[in-house]
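Okay, target_0.pdb is below, PDB, C-alpha atoms:
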ATOM      1  CA  MET Z   1     -17.726 -42.106  41.031
ATOM      2  CA  ALA Z   2     -18.772 -38.623  39.933
ATOM      3  CA  GLU Z   3     -21.552 -36.997  41.891
ATOM      4  CA  ILE Z   4     -24.798 -36.502  39.996
ATOM      5  CA  THR Z   5     -27.039 -33.613  40.967
ATOM      6  CA  LEU Z   6     -30.641 -33.205  39.945
ATOM      7  CA  PRO Z   7     -31.268 -29.877  38.195
ATOM      8  CA  LYS Z   8     -34.011 -27.648  39.529
ATOM      9  CA  LEU Z   9     -36.996 -27.135  37.279
ATOM     10  CA  ASN Z  10     -36.209 -24.176  35.073
ATOM     11  CA  LEU Z  11     -38.702 -23.567  32.318
ATOM     12  CA  SER Z  12     -35.921 -22.477  29.982
ATOM     13  CA  ASP Z  13     -34.374 -25.945  30.479
ATOM     14  CA  ALA Z  14     -37.473 -27.769  29.247
ATOM     15  CA  PRO Z  15     -36.606 -30.145  26.398
ATOM     16  CA  ALA Z  16     -36.923 -28.929  22.849
ATOM     17  CA  ALA Z  17     -39.872 -30.201  20.846
ATOM     18  CA  PRO Z  18     -39.079 -33.239  18.697
ATOM     19  CA  ALA Z  19     -39.165 -32.975  14.933
ATOM     20  CA  ILE Z  20     -42.657 -32.454  13.570
ATOM     21  CA  ASN Z  21     -42.122 -35.376  11.195
ATOM     22  CA  ALA Z  22     -41.340 -37.867  13.990
ATOM     23  CA  PRO Z  23     -43.378 -40.865  12.826
ATOM     24  CA  THR Z  24     -46.363 -41.980  14.865
ATOM     25  CA  LEU Z  25     -45.910 -45.409  16.440
ATOM     26  CA  ILE Z  26     -48.858 -45.673  18.850
ATOM     27  CA  GLU Z  27     -52.351 -44.574  17.773
ATOM     28  CA  ILE Z  28     -54.990 -44.354  20.480
ATOM     29  CA  ASN Z  29     -58.467 -43.566  19.169
ATOM     30  CA  GLN Z  30     -61.544 -43.006  21.342
ATOM     31  CA  VAL Z  31     -60.385 -45.487  23.985
ATOM     32  CA  SER Z  32     -62.637 -45.952  27.001
ATOM     33  CA  LEU Z  33     -62.069 -48.494  29.754
ATOM     34  CA  TYR Z  34     -64.553 -49.804  32.299
ATOM     35  CA  TYR Z  35     -63.962 -51.655  35.552
ATOM     36  CA  GLY Z  36     -67.377 -53.279  35.759
ATOM     37  CA  ALA Z  37     -69.820 -50.364  35.482
ATOM     38  CA  SER Z  38     -67.202 -47.751  36.441
ATOM     39  CA  LYS Z  39     -65.694 -45.796  33.531
ATOM     40  CA  ALA Z  40     -61.996 -45.248  34.280
ATOM     41  CA  LEU Z  41     -60.926 -43.881  30.878
ATOM     42  CA  LYS Z  42     -63.156 -41.580  28.861
ATOM     43  CA  ASN Z  43     -62.735 -41.450  25.084
ATOM     44  CA  ILE Z  44     -58.968 -40.980  24.983
ATOM     45  CA  SER Z  45     -57.463 -40.107  21.588
ATOM     46  CA  VAL Z  46     -53.754 -39.385  21.160
ATOM     47  CA  ASN Z  47     -50.898 -40.340  18.824
ATOM     48  CA  LEU Z  48     -47.473 -41.062  20.341
ATOM     49  CA  GLY Z  49     -44.293 -40.625  18.325
ATOM     50  CA  GLU Z  50     -41.492 -43.090  17.677
ATOM     51  CA  LYS Z  51     -38.164 -42.918  19.563
ATOM     52  CA  ILE Z  52     -39.214 -40.072  21.803
ATOM     53  CA  VAL Z  53     -40.196 -39.936  25.477
ATOM     54  CA  THR Z  54     -43.839 -39.215  26.256
ATOM     55  CA  ALA Z  55     -44.787 -38.487  29.871
ATOM     56  CA  PHE Z  56     -48.243 -39.139  31.309
ATOM     57  CA  ILE Z  57     -48.895 -36.803  34.242
ATOM     58  CA  GLY Z  58     -51.867 -36.110  36.500
ATOM     59  CA  PRO Z  59     -53.082 -36.689  40.053
ATOM     60  CA  SER Z  60     -53.463 -40.171  41.520
ATOM     61  CA  GLY Z  61     -56.398 -42.115  40.101
ATOM     62  CA  CYS Z  62     -56.663 -40.025  36.920
ATOM     63  CA  GLY Z  63     -56.182 -42.995  34.549
ATOM     64  CA  LYS Z  64     -52.604 -42.533  33.371
ATOM     65  CA  SER Z  65     -51.346 -45.942  34.587
ATOM     66  CA  THR Z  66     -54.536 -47.576  33.328
ATOM     67  CA  LEU Z  67     -53.916 -46.181  29.836
ATOM     68  CA  LEU Z  68     -50.260 -47.214  29.994
ATOM     69  CA  ARG Z  69     -51.296 -50.802  30.757
ATOM     70  CA  CYS Z  70     -53.664 -50.764  27.777
ATOM     71  CA  ILE Z  71     -50.683 -50.402  25.443
ATOM     72  CA  ASN Z  72     -49.387 -53.913  26.214
ATOM     73  CA  ARG Z  73     -52.751 -55.346  27.273
ATOM     74  CA  MET Z  74     -51.820 -55.789  30.924
ATOM     75  CA  ASN Z  75     -55.403 -54.883  31.795
ATOM     76  CA  ASP Z  76     -56.444 -58.199  30.210
ATOM     77  CA  LEU Z  77     -55.309 -59.785  33.475
ATOM     78  CA  ILE Z  78     -57.930 -57.900  35.516
ATOM     79  CA  ASP Z  79     -61.463 -59.284  35.885
ATOM     80  CA  ASN Z  80     -64.455 -57.298  34.637
ATOM     81  CA  VAL Z  81     -62.419 -54.954  32.432
ATOM     82  CA  ARG Z  82     -63.983 -53.837  29.161
ATOM     83  CA  ILE Z  83     -62.281 -51.638  26.570
ATOM     84  CA  GLU Z  84     -63.891 -49.664  23.753
ATOM     85  CA  GLY Z  85     -62.193 -47.811  20.898
ATOM     86  CA  SER Z  86     -59.037 -48.799  19.054
ATOM     87  CA  MET Z  87     -55.324 -48.881  19.754
ATOM     88  CA  LYS Z  88     -52.709 -49.518  17.084
ATOM     89  CA  VAL Z  89     -48.965 -50.072  17.296
ATOM     90  CA  ALA Z  90     -47.104 -49.630  13.996
ATOM     91  CA  GLY Z  91     -50.487 -49.739  12.270
ATOM     92  CA  GLN Z  92     -51.573 -53.055  13.834
ATOM     93  CA  ASP Z  93     -54.735 -53.205  15.918
ATOM     94  CA  ILE Z  94     -53.374 -54.711  19.137
ATOM     95  CA  TYR Z  95     -56.867 -55.685  20.334
ATOM     96  CA  ALA Z  96     -57.697 -57.664  17.192
ATOM     97  CA  LYS Z  97     -58.759 -61.267  17.875
ATOM     98  CA  ASP Z  98     -55.797 -62.753  16.041
ATOM     99  CA  VAL Z  99     -53.144 -60.831  18.014
ATOM    100  CA  ASP Z 100     -50.666 -63.015  19.922
ATOM    101  CA  VAL Z 101     -50.507 -61.249  23.295
ATOM    102  CA  ILE Z 102     -47.207 -62.926  24.242
ATOM    103  CA  GLU Z 103     -45.633 -61.685  21.019
ATOM    104  CA  LEU Z 104     -47.134 -58.230  21.640
ATOM    105  CA  ARG Z 105     -45.514 -58.067  25.082
ATOM    106  CA  LYS Z 106     -42.209 -59.028  23.511
ATOM    107  CA  ARG Z 107     -42.514 -55.906  21.373
ATOM    108  CA  ILE Z 108     -43.650 -53.749  24.299
ATOM    109  CA  GLY Z 109     -41.553 -54.058  27.455
ATOM    110  CA  MET Z 110     -42.685 -52.879  30.902
ATOM    111  CA  VAL Z 111     -40.849 -51.490  33.917
ATOM    112  CA  PHE Z 112     -42.911 -51.198  37.082
ATOM    113  CA  GLN Z 113     -42.944 -48.735  39.976
ATOM    114  CA  LYS Z 114     -41.380 -51.208  42.377
ATOM    115  CA  SER Z 115     -38.305 -52.984  41.094
ATOM    116  CA  ASN Z 116     -39.173 -56.658  40.721
ATOM    117  CA  PRO Z 117     -36.090 -58.704  39.890
ATOM    118  CA  PHE Z 118     -36.607 -62.458  39.987
ATOM    119  CA  PRO Z 119     -35.128 -64.234  43.031
ATOM    120  CA  LYS Z 120     -32.351 -65.513  40.795
ATOM    121  CA  SER Z 121     -28.844 -64.439  39.847
ATOM    122  CA  ILE Z 122     -28.281 -61.264  37.855
ATOM    123  CA  TYR Z 123     -27.335 -63.429  34.870
ATOM    124  CA  GLU Z 124     -30.491 -65.546  35.096
ATOM    125  CA  ASN Z 125     -32.702 -62.457  35.415
ATOM    126  CA  ILE Z 126     -31.608 -61.339  31.957
ATOM    127  CA  ALA Z 127     -31.328 -64.837  30.470
ATOM    128  CA  TYR Z 128     -34.909 -65.742  31.420
ATOM    129  CA  GLY Z 129     -36.642 -63.785  28.645
ATOM    130  CA  LEU Z 130     -33.979 -64.669  26.093
ATOM    131  CA  ARG Z 131     -34.434 -68.385  26.780
ATOM    132  CA  LEU Z 132     -38.201 -67.985  26.667
ATOM    133  CA  HIS Z 133     -37.804 -66.676  23.125
ATOM    134  CA  GLY Z 134     -35.623 -69.547  21.991
ATOM    135  CA  MET Z 135     -32.037 -68.511  22.715
ATOM    136  CA  LYS Z 136     -30.179 -71.507  24.163
ATOM    137  CA  LYS Z 137     -26.524 -71.185  23.140
ATOM    138  CA  LYS Z 138     -24.385 -69.989  26.060
ATOM    139  CA  SER Z 139     -22.102 -67.808  23.940
ATOM    140  CA  GLU Z 140     -25.162 -66.025  22.508
ATOM    141  CA  LEU Z 141     -26.701 -65.619  25.942
ATOM    142  CA  ASP Z 142     -23.441 -64.229  27.330
ATOM    143  CA  GLU Z 143     -23.219 -61.694  24.517
ATOM    144  CA  HIS Z 144     -26.842 -60.538  24.783
ATOM    145  CA  ILE Z 145     -26.719 -60.348  28.567
ATOM    146  CA  GLU Z 146     -23.631 -58.141  28.464
ATOM    147  CA  GLN Z 147     -25.237 -55.951  25.775
ATOM    148  CA  SER Z 148     -28.406 -55.575  27.845
ATOM    149  CA  LEU Z 149     -26.554 -54.748  31.059
ATOM    150  CA  ARG Z 150     -24.415 -52.231  29.189
ATOM    151  CA  GLY Z 151     -27.576 -50.782  27.635
ATOM    152  CA  ALA Z 152     -29.026 -50.336  31.122
ATOM    153  CA  ALA Z 153     -25.794 -48.658  32.293
ATOM    154  CA  ILE Z 154     -25.075 -51.241  34.980
ATOM    155  CA  TRP Z 155     -22.542 -53.633  33.405
ATOM    156  CA  ASP Z 156     -19.506 -52.122  35.149
ATOM    157  CA  GLU Z 157     -21.233 -52.400  38.536
ATOM    158  CA  VAL Z 158     -22.244 -56.068  38.221
ATOM    159  CA  LYS Z 159     -19.866 -57.739  35.731
ATOM    160  CA  ASP Z 160     -17.913 -59.422  38.543
ATOM    161  CA  ARG Z 161     -21.018 -60.693  40.355
ATOM    162  CA  LEU Z 162     -23.273 -61.946  37.573
ATOM    163  CA  HIS Z 163     -23.959 -65.210  39.363
ATOM    164  CA  THR Z 164     -24.972 -63.646  42.675
ATOM    165  CA  SER Z 165     -28.570 -62.835  43.564
ATOM    166  CA  ALA Z 166     -30.094 -59.739  41.995
ATOM    167  CA  LEU Z 167     -31.900 -59.218  45.290
ATOM    168  CA  GLY Z 168     -28.579 -58.259  46.870
ATOM    169  CA  LEU Z 169     -28.379 -55.076  44.784
ATOM    170  CA  SER Z 170     -29.526 -51.618  45.841
ATOM    171  CA  GLY Z 171     -32.978 -50.410  44.821
ATOM    172  CA  GLY Z 172     -31.632 -48.293  41.994
ATOM    173  CA  GLN Z 173     -29.457 -51.132  40.725
ATOM    174  CA  GLN Z 174     -32.398 -53.540  40.884
ATOM    175  CA  GLN Z 175     -34.470 -51.157  38.779
ATOM    176  CA  ARG Z 176     -31.704 -50.974  36.164
ATOM    177  CA  ILE Z 177     -31.577 -54.802  36.164
ATOM    178  CA  CYS Z 178     -35.315 -54.750  35.424
ATOM    179  CA  ILE Z 179     -34.689 -52.296  32.576
ATOM    180  CA  ALA Z 180     -31.899 -54.558  31.257
ATOM    181  CA  ARG Z 181     -34.323 -57.488  31.413
ATOM    182  CA  ALA Z 182     -36.914 -55.467  29.475
ATOM    183  CA  ILE Z 183     -34.533 -54.404  26.696
ATOM    184  CA  ALA Z 184     -32.821 -57.806  26.353
ATOM    185  CA  ILE Z 185     -35.489 -59.090  23.969
ATOM    186  CA  LYS Z 186     -35.254 -55.889  21.923
ATOM    187  CA  PRO Z 187     -38.754 -54.417  22.211
ATOM    188  CA  GLU Z 188     -39.886 -51.443  20.141
ATOM    189  CA  ILE Z 189     -41.534 -49.726  23.096
ATOM    190  CA  ILE Z 190     -40.713 -49.503  26.800
ATOM    191  CA  LEU Z 191     -43.535 -48.597  29.187
ATOM    192  CA  MET Z 192     -42.431 -47.227  32.565
ATOM    193  CA  ASP Z 193     -44.859 -46.836  35.460
ATOM    194  CA  GLU Z 194     -43.200 -44.406  37.891
ATOM    195  CA  PRO Z 195     -39.862 -46.226  37.633
ATOM    196  CA  ALA Z 196     -38.030 -43.877  40.011
ATOM    197  CA  SER Z 197     -40.713 -43.107  42.604
ATOM    198  CA  ALA Z 198     -39.177 -45.434  45.214
ATOM    199  CA  LEU Z 199     -35.580 -44.339  44.596
ATOM    200  CA  ASP Z 200     -33.310 -41.757  46.198
ATOM    201  CA  PRO Z 201     -32.247 -38.653  44.215
ATOM    202  CA  LEU Z 202     -28.941 -40.152  43.054
ATOM    203  CA  ALA Z 203     -30.571 -43.364  41.784
ATOM    204  CA  THR Z 204     -33.352 -41.286  40.211
ATOM    205  CA  ALA Z 205     -30.774 -39.238  38.310
ATOM    206  CA  ARG Z 206     -29.181 -42.422  36.971
ATOM    207  CA  ILE Z 207     -32.557 -43.736  35.767
ATOM    208  CA  GLU Z 208     -33.307 -40.389  34.086
ATOM    209  CA  GLU Z 209     -29.930 -40.349  32.327
ATOM    210  CA  LEU Z 210     -30.594 -43.904  31.204
ATOM    211  CA  ILE Z 211     -34.015 -42.998  29.782
ATOM    212  CA  LEU Z 212     -32.483 -40.195  27.720
ATOM    213  CA  GLU Z 213     -29.931 -42.668  26.365
ATOM    214  CA  LEU Z 214     -32.509 -45.406  25.688
ATOM    215  CA  LYS Z 215     -34.730 -43.169  23.548
ATOM    216  CA  LYS Z 216     -32.090 -43.363  20.808
ATOM    217  CA  ASN Z 217     -33.277 -46.932  20.222
ATOM    218  CA  PHE Z 218     -36.666 -47.261  21.903
ATOM    219  CA  THR Z 219     -39.988 -45.454  22.130
ATOM    220  CA  ILE Z 220     -40.617 -44.684  25.802
ATOM    221  CA  VAL Z 221     -43.882 -43.876  27.569
ATOM    222  CA  ILE Z 222     -43.507 -42.997  31.238
ATOM    223  CA  VAL Z 223     -46.029 -42.333  33.989
ATOM    224  CA  THR Z 224     -44.669 -39.920  36.578
ATOM    225  CA  HIS Z 225     -45.981 -37.796  39.445
ATOM    226  CA  ASN Z 226     -42.753 -35.805  39.412
ATOM    227  CA  MET Z 227     -43.200 -32.572  37.441
ATOM    228  CA  GLN Z 228     -39.460 -31.880  37.411
ATOM    229  CA  GLN Z 229     -38.820 -35.351  36.056
ATOM    230  CA  ALA Z 230     -41.377 -34.917  33.273
ATOM    231  CA  ALA Z 231     -39.790 -31.580  32.315
ATOM    232  CA  ARG Z 232     -36.286 -33.024  32.337
ATOM    233  CA  ILE Z 233     -36.749 -36.184  30.311
ATOM    234  CA  SER Z 234     -39.850 -36.041  28.112
ATOM    235  CA  ASP Z 235     -40.388 -34.635  24.634
ATOM    236  CA  TYR Z 236     -44.186 -34.692  24.851
ATOM    237  CA  THR Z 237     -46.471 -34.602  27.887
ATOM    238  CA  ALA Z 238     -50.084 -35.716  28.295
ATOM    239  CA  PHE Z 239     -52.057 -34.364  31.276
ATOM    240  CA  PHE Z 240     -54.905 -36.516  32.592
ATOM    241  CA  TYR Z 241     -57.644 -35.685  35.069
ATOM    242  CA  ILE Z 242     -60.445 -37.982  36.265
ATOM    243  CA  GLY Z 243     -60.113 -40.369  33.330
ATOM    244  CA  GLU Z 244     -59.923 -37.676  30.652
ATOM    245  CA  LEU Z 245     -57.026 -36.466  28.552
ATOM    246  CA  ILE Z 246     -57.082 -32.740  29.247
ATOM    247  CA  GLU Z 247     -54.116 -31.667  27.164
ATOM    248  CA  PHE Z 248     -51.339 -33.160  25.050
ATOM    249  CA  ASP Z 249     -48.487 -31.152  23.594
ATOM    250  CA  THR Z 250     -44.731 -30.739  23.578
ATOM    251  CA  THR Z 251     -43.342 -30.711  27.102
ATOM    252  CA  THR Z 252     -42.056 -27.173  26.544
ATOM    253  CA  LYS Z 253     -45.588 -25.982  25.750
ATOM    254  CA  ILE Z 254     -47.226 -27.874  28.612
ATOM    255  CA  PHE Z 255     -44.851 -26.376  31.173
ATOM    256  CA  THR Z 256     -44.489 -22.851  29.781
ATOM    257  CA  ASN Z 257     -47.742 -22.034  28.017
ATOM    258  CA  PRO Z 258     -50.457 -24.677  28.521
ATOM    259  CA  ALA Z 259     -53.708 -24.168  26.649
ATOM    260  CA  LYS Z 260     -55.969 -25.305  29.495
ATOM    261  CA  LYS Z 261     -56.280 -23.711  32.936
ATOM    262  CA  GLN Z 262     -56.518 -27.166  34.560
ATOM    263  CA  THR Z 263     -53.122 -28.027  33.109
ATOM    264  CA  GLU Z 264     -51.605 -24.771  34.311
ATOM    265  CA  ASP Z 265     -53.026 -25.273  37.797
ATOM    266  CA  TYR Z 266     -51.557 -28.768  37.982
ATOM    267  CA  VAL Z 267     -48.066 -28.058  36.665
ATOM    268  CA  THR Z 268     -47.726 -24.984  38.892
ATOM    269  CA  GLY Z 269     -48.757 -26.961  41.964
ATOM    270  CA  ARG Z 270     -52.132 -25.373  42.650
ATOM    271  CA  PHE Z 271     -53.667 -28.834  42.972
ATOM    272  CA  GLY Z 272     -52.739 -32.502  42.744
TER     273      GLY Z 272
END
Serialized structure, structure tokens:
Amino acid sequence: MAEITLPKLNLSDAPAAPAINAPTLIEINQVSLYYGASKALKNISVNLGEKIVTAFIGPSGCGKSTLLRCINRMNDLIDNVRIEGSMKVAGQDIYAKDVDVIELRKRIGMVFQKSNPFPKSIYENIAYGLRLHGMKKKSELDEHIEQSLRGAAIWDEVKDRLHTSALGLSGGQQQRICIARAIAIKPEIILMDEPASALDPLATARIEELILELKKNFTIVIVTHNMQQAARISDYTAFFYIGELIEFDTTTKIFTNPAKKQTEDYVTGRFG
């Protein structure tokens, strides 16, 4: 197996800006979120493009994961949460009363910080969501499971052990199983909340390579504390601080010529 090395952060290596005409898929307009009386997000407005990678960066507790969870309404599961403003995906208000939240989460997959495969076989981990959405025929399941595992760049590593427990895999492999599970039902968007923070450098490199491959077919929004990771894999970067969106621009601009001093201080390591 070829060795993968993580490149050092070189500002000249920052990804090129995506095409200006990349269509907007996610529209966030004046979104505020409250936990009880505490305001965790403060009037956030930003448009996120289709089939690109957008990174949310900022110090711990700045609201980036909270905003990420707004996009597939995961915050609905928390008591005493109130959201103001509007959020649209492909022009649809996802907080409208008639929205089917289960259907919404089919369109918007999620990969968490800690890999969370089900205590089932590798095969059943991927089959679970497919069955939930009506796929019963074994030949169809087999085909979609192989496609998903190939899409998550792990098929060759697990094809001979599909019916063994996913919990027996390494941390990096488990995270790719979770990504395969997320893409199996063909979402439009994949949300990733620090998907490589618990992984070693080699596994992190594999996840990053996978993200760059996945953006050909999916819109990806990733929360990361890793500045080098944001520079390597994202097209656009949003910098958050204490519940506010301080700056949003192409990743090249954020890392080479940010408009705000707070952004510059953060990306150069002066705080955070």
Practice item. Just the residues within 10 Å of Val158 in chain Z, please, counting all atoms listed in the file, with nothing from its chain fewer than 5 positions along; format it as a list in words. Key: Ile122, Tyr123, Leu149, His163, Thr164, Ala166, Leu169, Gln173 and Ile177 of chain Z
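With distances taken over all atoms listed in the file, Z:Ala231 is the one residue among Z:Ala127, Z:Ile102, Z:Ala37, Z:Ala231 lying closest to Thr256 in chain Z.
Of note, CA of Ala55 in chain Z and CA of Gln147 in chain Z are spaced 26.5 Å apart.
Counting only C-alpha atoms, range 87-91 of chain Z has the following residues at most 6 Å away, ignoring those fewer than 4 positions along the same chain: Leu25, Ile26, Glu27 and Ile28 of chain Z.
Considering the residues Z:Leu210, Z:Met227, Z:Met110, Z:Ser121 and counting all atoms listed in the file, Arg150 in chain Z has its shortest atom-to-atom contact with Z:Leu210.
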Can you fill out range 172-189 of chain Z with N, CA and C atoms and hand it back as a short mmCIF file (atom, residue, chain, number, x, y, z; two decimals), in the frame of the given file?
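So the final result, stored in rebuild23.cif, reads:
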data_model
loop_
_atom_site.label_atom_id
_atom_site.label_comp_id
_atom_site.auth_asym_id
_atom_site.auth_seq_id
_atom_site.Cartn_x
_atom_site.Cartn_y
_atom_site.Cartn_z
N GLY Z 172 -31.89 -48.88 43.30
CA GLY Z 172 -31.63 -48.29 41.99
C GLY Z 172 -30.99 -49.28 41.04
N GLN Z 173 -30.08 -50.11 41.57
CA GLN Z 173 -29.46 -51.13 40.72
C GLN Z 173 -30.48 -52.18 40.30
N GLN Z 174 -31.36 -52.57 41.23
CA GLN Z 174 -32.40 -53.54 40.88
C GLN Z 174 -33.29 -53.00 39.76
N GLN Z 175 -33.61 -51.71 39.82
CA GLN Z 175 -34.47 -51.16 38.78
C GLN Z 175 -33.75 -51.17 37.43
N ARG Z 176 -32.45 -50.92 37.43
CA ARG Z 176 -31.70 -50.97 36.16
C ARG Z 176 -31.58 -52.42 35.66
N ILE Z 177 -31.54 -53.39 36.58
CA ILE Z 177 -31.58 -54.80 36.16
C ILE Z 177 -32.91 -55.09 35.48
N CYS Z 178 -33.99 -54.55 36.04
CA CYS Z 178 -35.32 -54.75 35.42
C CYS Z 178 -35.39 -54.10 34.05
N ILE Z 179 -34.73 -52.95 33.88
CA ILE Z 179 -34.69 -52.30 32.58
C ILE Z 179 -33.85 -53.14 31.61
N ALA Z 180 -32.72 -53.67 32.10
CA ALA Z 180 -31.90 -54.56 31.26
C ALA Z 180 -32.70 -55.78 30.82
N ARG Z 181 -33.48 -56.33 31.73
CA ARG Z 181 -34.32 -57.49 31.41
C ARG Z 181 -35.35 -57.12 30.35
N ALA Z 182 -35.90 -55.90 30.44
CA ALA Z 182 -36.91 -55.47 29.48
C ALA Z 182 -36.32 -55.26 28.09
N ILE Z 183 -35.10 -54.71 28.01
CA ILE Z 183 -34.53 -54.40 26.70
C ILE Z 183 -33.82 -55.60 26.07
N ALA Z 184 -33.59 -56.65 26.86
CA ALA Z 184 -32.82 -57.81 26.35
C ALA Z 184 -33.47 -58.43 25.12
N ILE Z 185 -34.80 -58.45 25.09
CA ILE Z 185 -35.49 -59.09 23.97
C ILE Z 185 -35.82 -58.09 22.86
N LYS Z 186 -35.19 -56.91 22.97
CA LYS Z 186 -35.25 -55.89 21.92
C LYS Z 186 -36.69 -55.48 21.56
N PRO Z 187 -37.41 -54.92 22.52
CA PRO Z 187 -38.75 -54.42 22.21
C PRO Z 187 -38.68 -53.14 21.39
N GLU Z 188 -39.81 -52.74 20.82
CA GLU Z 188 -39.89 -51.44 20.14
C GLU Z 188 -40.20 -50.33 21.13
N ILE Z 189 -40.98 -50.71 22.15
CA ILE Z 189 -41.53 -49.73 23.10
C ILE Z 189 -41.21 -50.18 24.52
#
